[in-house]
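This is model-v8.cif. It holds mmCIF, C-alpha atoms.
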data_coords
#
loop_
_atom_site.label_atom_id
_atom_site.label_comp_id
_atom_site.auth_asym_id
_atom_site.auth_seq_id
_atom_site.Cartn_x
_atom_site.Cartn_y
_atom_site.Cartn_z
CA MET A 52 -42.43 -29.48 -38.16
CA ARG A 53 -39.17 -31.24 -37.48
CA THR A 54 -37.25 -28.31 -38.97
CA HIS A 55 -38.97 -25.91 -36.61
CA SER A 56 -38.24 -28.22 -33.67
CA LYS A 57 -34.54 -28.38 -34.59
CA ALA A 58 -34.41 -24.59 -34.85
CA VAL A 59 -35.95 -24.28 -31.40
CA ASN A 60 -33.46 -26.79 -29.95
CA VAL A 61 -30.54 -24.94 -31.55
CA ALA A 62 -31.84 -21.65 -30.16
CA VAL A 63 -32.19 -23.16 -26.66
CA VAL A 64 -28.65 -24.61 -26.79
CA ALA A 65 -27.25 -21.29 -28.05
CA ALA A 66 -29.09 -19.34 -25.33
CA SER A 67 -27.78 -21.76 -22.69
CA ALA A 68 -24.23 -21.30 -23.94
CA VAL A 69 -24.60 -17.52 -23.76
CA ALA A 70 -26.01 -17.74 -20.23
CA LEU A 71 -23.17 -20.04 -19.20
CA ALA A 72 -20.62 -17.65 -20.66
CA VAL A 73 -22.15 -14.77 -18.71
CA VAL A 74 -21.89 -16.53 -15.32
CA SER A 75 -18.49 -18.13 -15.90
CA PRO A 76 -15.74 -16.16 -14.14
CA ALA A 77 -13.20 -14.45 -16.34
CA PRO A 78 -9.75 -16.01 -16.27
CA ALA A 79 -7.27 -14.28 -13.97
CA ALA A 80 -5.11 -11.71 -15.70
CA SER A 81 -1.34 -11.99 -15.48
CA ALA A 82 1.05 -9.09 -15.05
CA ALA A 83 2.12 -9.47 -18.69
CA GLU A 84 -1.44 -8.71 -19.84
CA VAL A 85 -2.03 -5.58 -17.76
CA THR A 86 -0.74 -2.07 -17.28
CA ILE A 87 -0.04 -1.13 -13.66
CA ARG A 88 0.53 2.43 -12.50
CA VAL A 89 1.16 3.90 -9.04
CA VAL A 90 0.09 7.55 -9.10
CA PRO A 91 0.79 10.05 -6.28
CA ALA A 92 -2.53 11.58 -5.27
CA TYR A 93 -2.36 13.10 -1.80
CA SER A 94 0.10 14.38 0.77
CA GLU A 95 -0.39 15.31 4.38
CA THR A 96 1.93 17.10 6.79
CA GLN A 97 1.71 16.80 10.57
CA GLU A 98 3.90 17.48 13.57
CA GLU A 99 5.83 14.26 14.17
CA SER A 100 5.27 14.12 17.95
CA SER A 101 1.50 13.81 17.68
CA SER A 102 0.75 12.43 14.25
CA ARG A 103 -1.91 10.06 12.98
CA VAL A 104 -2.02 9.65 9.21
CA ILE A 105 -4.33 7.36 7.24
CA CYS A 106 -4.34 7.57 3.45
CA PRO A 107 -7.65 8.49 1.78
CA THR A 108 -9.88 5.68 0.49
CA ASN A 109 -8.14 3.28 -1.92
CA GLN A 110 -4.72 4.90 -1.53
CA VAL A 111 -1.48 3.52 -0.06
CA LEU A 112 1.69 5.09 1.33
CA THR A 113 4.49 5.64 -1.15
CA GLY A 114 6.63 8.25 0.58
CA ARG A 115 7.64 10.05 3.76
CA SER A 116 9.88 13.00 4.52
CA HIS A 117 11.00 14.54 7.81
CA TYR A 118 13.25 17.48 8.66
CA GLY A 119 14.13 18.32 12.28
CA ASP A 120 13.24 16.75 15.62
CA GLU A 121 9.92 15.44 16.96
CA ASN A 122 8.49 18.99 17.01
CA ALA A 123 9.09 19.39 13.28
CA ASP A 124 6.77 18.31 10.49
CA THR A 125 6.56 14.96 8.74
CA THR A 126 5.01 14.72 5.28
CA TYR A 127 3.42 11.55 3.93
CA THR A 128 2.66 10.77 0.27
CA CYS A 129 -0.30 8.54 -0.61
CA SER A 130 -0.91 7.10 -4.07
CA TRP A 131 -3.56 5.34 -6.09
CA ILE A 132 -2.78 2.08 -7.85
CA PHE A 133 -4.38 1.56 -11.26
CA ILE A 134 -4.50 -1.69 -13.22
CA ASN A 135 -5.65 -1.18 -16.81
CA ASP A 136 -6.85 2.26 -15.69
CA GLU A 137 -9.15 0.74 -13.02
CA GLN A 138 -8.52 1.68 -9.41
CA VAL A 139 -7.24 -1.07 -7.11
CA GLN A 140 -9.40 -1.65 -4.01
CA VAL A 141 -7.63 -1.15 -0.67
CA SER A 142 -9.00 -3.02 2.36
CA ILE A 143 -7.60 -1.62 5.60
CA GLY A 144 -6.55 -4.11 8.27
CA ASP A 145 -5.84 -3.57 11.96
CA TRP A 146 -3.26 -1.32 13.58
CA SER A 147 0.01 -3.07 14.36
CA LEU A 148 1.28 -3.67 17.84
CA ARG A 149 2.90 -0.67 19.51
CA TYR A 150 6.63 -0.18 18.89
CA LYS A 151 9.07 2.01 20.79
CA GLU A 152 10.12 4.48 18.09
CA SER A 153 13.85 4.49 18.96
CA ASN A 154 14.17 0.77 18.30
CA SER A 155 11.39 -0.09 15.85
CA ASN A 156 11.28 -2.43 12.89
CA TYR A 157 7.96 -3.18 11.16
CA SER A 158 7.08 -5.09 7.98
CA SER A 159 3.50 -5.54 6.74
CA PRO A 160 2.08 -9.05 6.33
CA PRO A 161 2.63 -10.56 2.85
CA ASP A 162 0.90 -8.70 0.01
CA GLN A 163 -0.15 -5.82 2.26
CA ALA A 164 0.88 -2.19 1.83
CA LEU A 165 1.12 0.50 4.47
CA VAL A 166 -1.76 2.97 4.54
CA GLY A 167 -1.14 4.69 7.86
CA ARG A 168 1.15 5.48 10.77
CA MET A 169 0.56 6.90 14.21
CA HIS A 170 3.29 8.30 16.50
CA LEU A 171 3.30 9.93 19.94
CA TRP A 172 6.04 11.96 21.66
CA ASP A 173 9.74 11.69 20.86
CA GLU A 174 12.02 8.72 20.15
CA ASN A 175 10.95 7.19 23.48
CA GLY A 176 7.31 7.37 22.42
CA ASP A 177 5.25 4.82 20.58
CA THR A 178 4.63 4.15 16.88
CA TRP A 179 1.93 2.05 15.20
CA TYR A 180 1.49 1.04 11.55
CA LEU A 181 -1.65 0.35 9.53
CA PRO A 182 -1.47 -2.27 6.72
CA ALA A 183 -4.02 -3.03 4.00
CA SER A 184 -4.64 -5.75 1.43
CA LEU A 185 -5.10 -4.89 -2.25
CA SER A 186 -7.41 -6.37 -4.88
CA TRP A 187 -8.43 -5.79 -8.49
CA ARG A 188 -11.51 -7.44 -10.02
CA GLY A 189 -11.55 -9.85 -7.06
CA GLN A 190 -7.93 -10.87 -7.65
CA THR A 191 -5.24 -10.35 -5.01
CA VAL A 192 -2.71 -7.71 -5.99
CA ARG A 193 0.72 -9.05 -5.13
CA LEU A 194 3.63 -7.12 -3.61
CA ILE A 195 6.90 -8.77 -4.57
CA ASP A 196 10.64 -8.05 -4.47
CA PRO A 197 10.70 -6.38 -1.02
CA VAL A 198 13.77 -4.16 -0.60
CA TRP A 199 15.05 -2.11 2.35
CA THR A 200 16.63 1.27 1.70
CA GLY A 201 19.97 2.16 3.20
CA ASP A 202 20.11 4.29 6.34
CA LEU A 203 18.55 7.74 5.96
CA LYS A 204 19.12 10.37 8.67
CA GLU A 205 15.72 10.81 10.32
CA SER A 206 16.11 14.56 10.79
CA LYS A 207 16.86 15.26 7.14
CA HIS A 208 15.42 12.98 4.50
CA ASN A 209 12.81 12.59 1.77
CA PHE A 210 11.99 9.09 0.53
CA GLN A 211 9.62 8.27 -2.34
CA ALA A 212 9.19 4.68 -3.53
CA GLY A 213 10.18 4.07 -7.14
CA THR A 214 8.08 3.16 -10.16
CA ARG A 215 5.31 0.63 -9.35
CA ARG A 216 6.54 0.40 -5.74
CA VAL A 217 4.71 1.01 -2.44
CA LEU A 218 5.78 1.18 1.20
CA ILE A 219 5.45 -2.04 3.20
CA GLY A 220 7.69 -1.36 6.20
CA ARG A 221 9.81 1.05 8.23
CA ALA A 222 12.62 0.74 10.75
CA HIS A 223 14.09 3.44 12.99
CA SER A 224 17.00 3.54 15.41
CA GLY A 225 17.85 6.33 17.87
CA ASP A 226 16.49 9.88 18.00
CA GLU A 227 16.20 12.42 15.19
CA ASN A 228 19.95 12.04 14.63
CA GLY A 229 19.45 8.31 14.20
CA TYR A 230 18.52 6.48 11.07
CA THR A 231 15.34 5.45 9.31
CA ARG A 232 15.02 2.76 6.65
CA TYR A 233 12.00 2.01 4.44
CA GLN A 234 10.90 -1.29 2.99
CA HIS A 235 9.13 -1.09 -0.35
CA ALA A 236 7.77 -3.66 -2.80
CA TYR A 237 6.83 -3.98 -6.48
CA VAL A 238 3.13 -4.10 -7.42
CA THR A 239 2.08 -7.00 -9.69
CA LEU A 240 -0.62 -9.62 -10.20
CA ASP A 241 1.84 -12.53 -10.56
CA ALA A 242 3.49 -14.43 -7.72
#
Turn this file's structure into structure tokens for me.
Amino acid sequence: MRTHSKAVNVAVVAASAVALAVVSPAPAASAAEVTIRVVPAYSETQEESSSRVICPTNQVLTGRSHYGDENADTTYTCSWIFINDEQVQVSIGDWSLRYKESNSNYSSPPDQALVGRMHLWDENGDTWYLPASLSWRGQTVRLIDPVWTGDLKESKHNFQAGTRRVLIGRAHSGDENGYTRYQHAYVTLDA
């Protein structure tokens, strides 16, 4: 009888260990242990003077091009982010404050990517930006190494963020003959 009792106790302990393992959270993955890809998925073109672009669900901005004045078209590129071939979750925040386009400079809060922009009229009109936080398996996706581009002529440019990079900010000075700069950051799980 004692042998049977020990077997039952061992089975109970083993079952408890399995149950504990099931409810214990998995350790956080580091960037060295994962594969991260930013994949262009969608583009949208609108007239610059009355545009409102928001990337589709779980996508972020990775590019913008514009040729001409405020009556010409602007094209936005949105991309998915995959970590180990699983889509990163994008949680949209609130629209930024309003900026006068001809003298605007916006950067997203830390670890937030741009997912939208709204603009009305010409260079004297207003511009708003829409940031979003990113997560994967409940872990915050980090955006590090923020870099500003050099000056790009607003009326004739095409900017696409590089490998594993997403847009986090934009600055503009003047009219369509003025200059636009983009801020972009590297996608990782590490600080």
Find the residues around Leu171 (chain A) up to 8 Å (all atoms listed in the file counted), leave out those fewer than 4 positions away in its own chain, and share them as JSON, numbers by chain. {"A": [99, 100, 101, 102, 176, 177, 178]}
Can you turn the PyMOL selection byres ((chain A and resi 83-90) around 6) into a concrete residue list for this file, as a ChimeraX atom specification? /A:81-82,91,130-135,215
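Distances here use all atoms listed in the file; by that measure, the residue among A:Pro182, A:Gly167, A:Gly225, A:Gly114 closest to Ser142 (chain A) is A:Pro182.
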Which residues are near Leu181 (chain A)? Cut-off 6 Å, only C-alpha atoms, ignore same chain within fewer than 2 positions. Put them as number ranges by chain. A: 146, 165-168
What does the distance from CA of Thr239 (chain A) to CA of Arg115 (chain A) come to in Å, to one decimal? 22.4 Å
List the residues matched by the PyMOL selection byres ((chain A and resi 105) around 10) in the displayed structure as a list in words, ordered by chain and then by residue number. Glu95, Arg103, Val104, Cys106, Pro107, Thr108, Gln110, Val111, Leu112, Tyr127, Cys129, Ile143, Leu165, Val166, Gly167, Arg168, Met169, Tyr180 and Leu181 of chain A
Kindly save the residues from that selection, with C-alpha atoms included, as a PDB file, keeping the file's coordinate frame.
ATOM      1  CA  GLU A  95      -0.390  15.310   4.380  1.00  0.00           C
ATOM      2  CA  ARG A 103      -1.910  10.060  12.980  1.00  0.00           C
ATOM      3  CA  VAL A 104      -2.020   9.650   9.210  1.00  0.00           C
ATOM      4  CA  CYS A 106      -4.340   7.570   3.450  1.00  0.00           C
ATOM      5  CA  PRO A 107      -7.650   8.490   1.780  1.00  0.00           C
ATOM      6  CA  THR A 108      -9.880   5.680   0.490  1.00  0.00           C
ATOM      7  CA  GLN A 110      -4.720   4.900  -1.530  1.00  0.00           C
ATOM      8  CA  VAL A 111      -1.480   3.520  -0.060  1.00  0.00           C
ATOM      9  CA  LEU A 112       1.690   5.090   1.330  1.00  0.00           C
ATOM     10  CA  TYR A 127       3.420  11.550   3.930  1.00  0.00           C
ATOM     11  CA  CYS A 129      -0.300   8.540  -0.610  1.00  0.00           C
ATOM     12  CA  ILE A 143      -7.600  -1.620   5.600  1.00  0.00           C
ATOM     13  CA  LEU A 165       1.120   0.500   4.470  1.00  0.00           C
ATOM     14  CA  VAL A 166      -1.760   2.970   4.540  1.00  0.00           C
ATOM     15  CA  GLY A 167      -1.140   4.690   7.860  1.00  0.00           C
ATOM     16  CA  ARG A 168       1.150   5.480  10.770  1.00  0.00           C
ATOM     17  CA  MET A 169       0.560   6.900  14.210  1.00  0.00           C
ATOM     18  CA  TYR A 180       1.490   1.040  11.550  1.00  0.00           C
ATOM     19  CA  LEU A 181      -1.650   0.350   9.530  1.00  0.00           C
TER      20      LEU A 181
END
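Picture a line from CA of Gly119 (chain A) to CA of Lys207 (chain A); it runs 6.6 Å.
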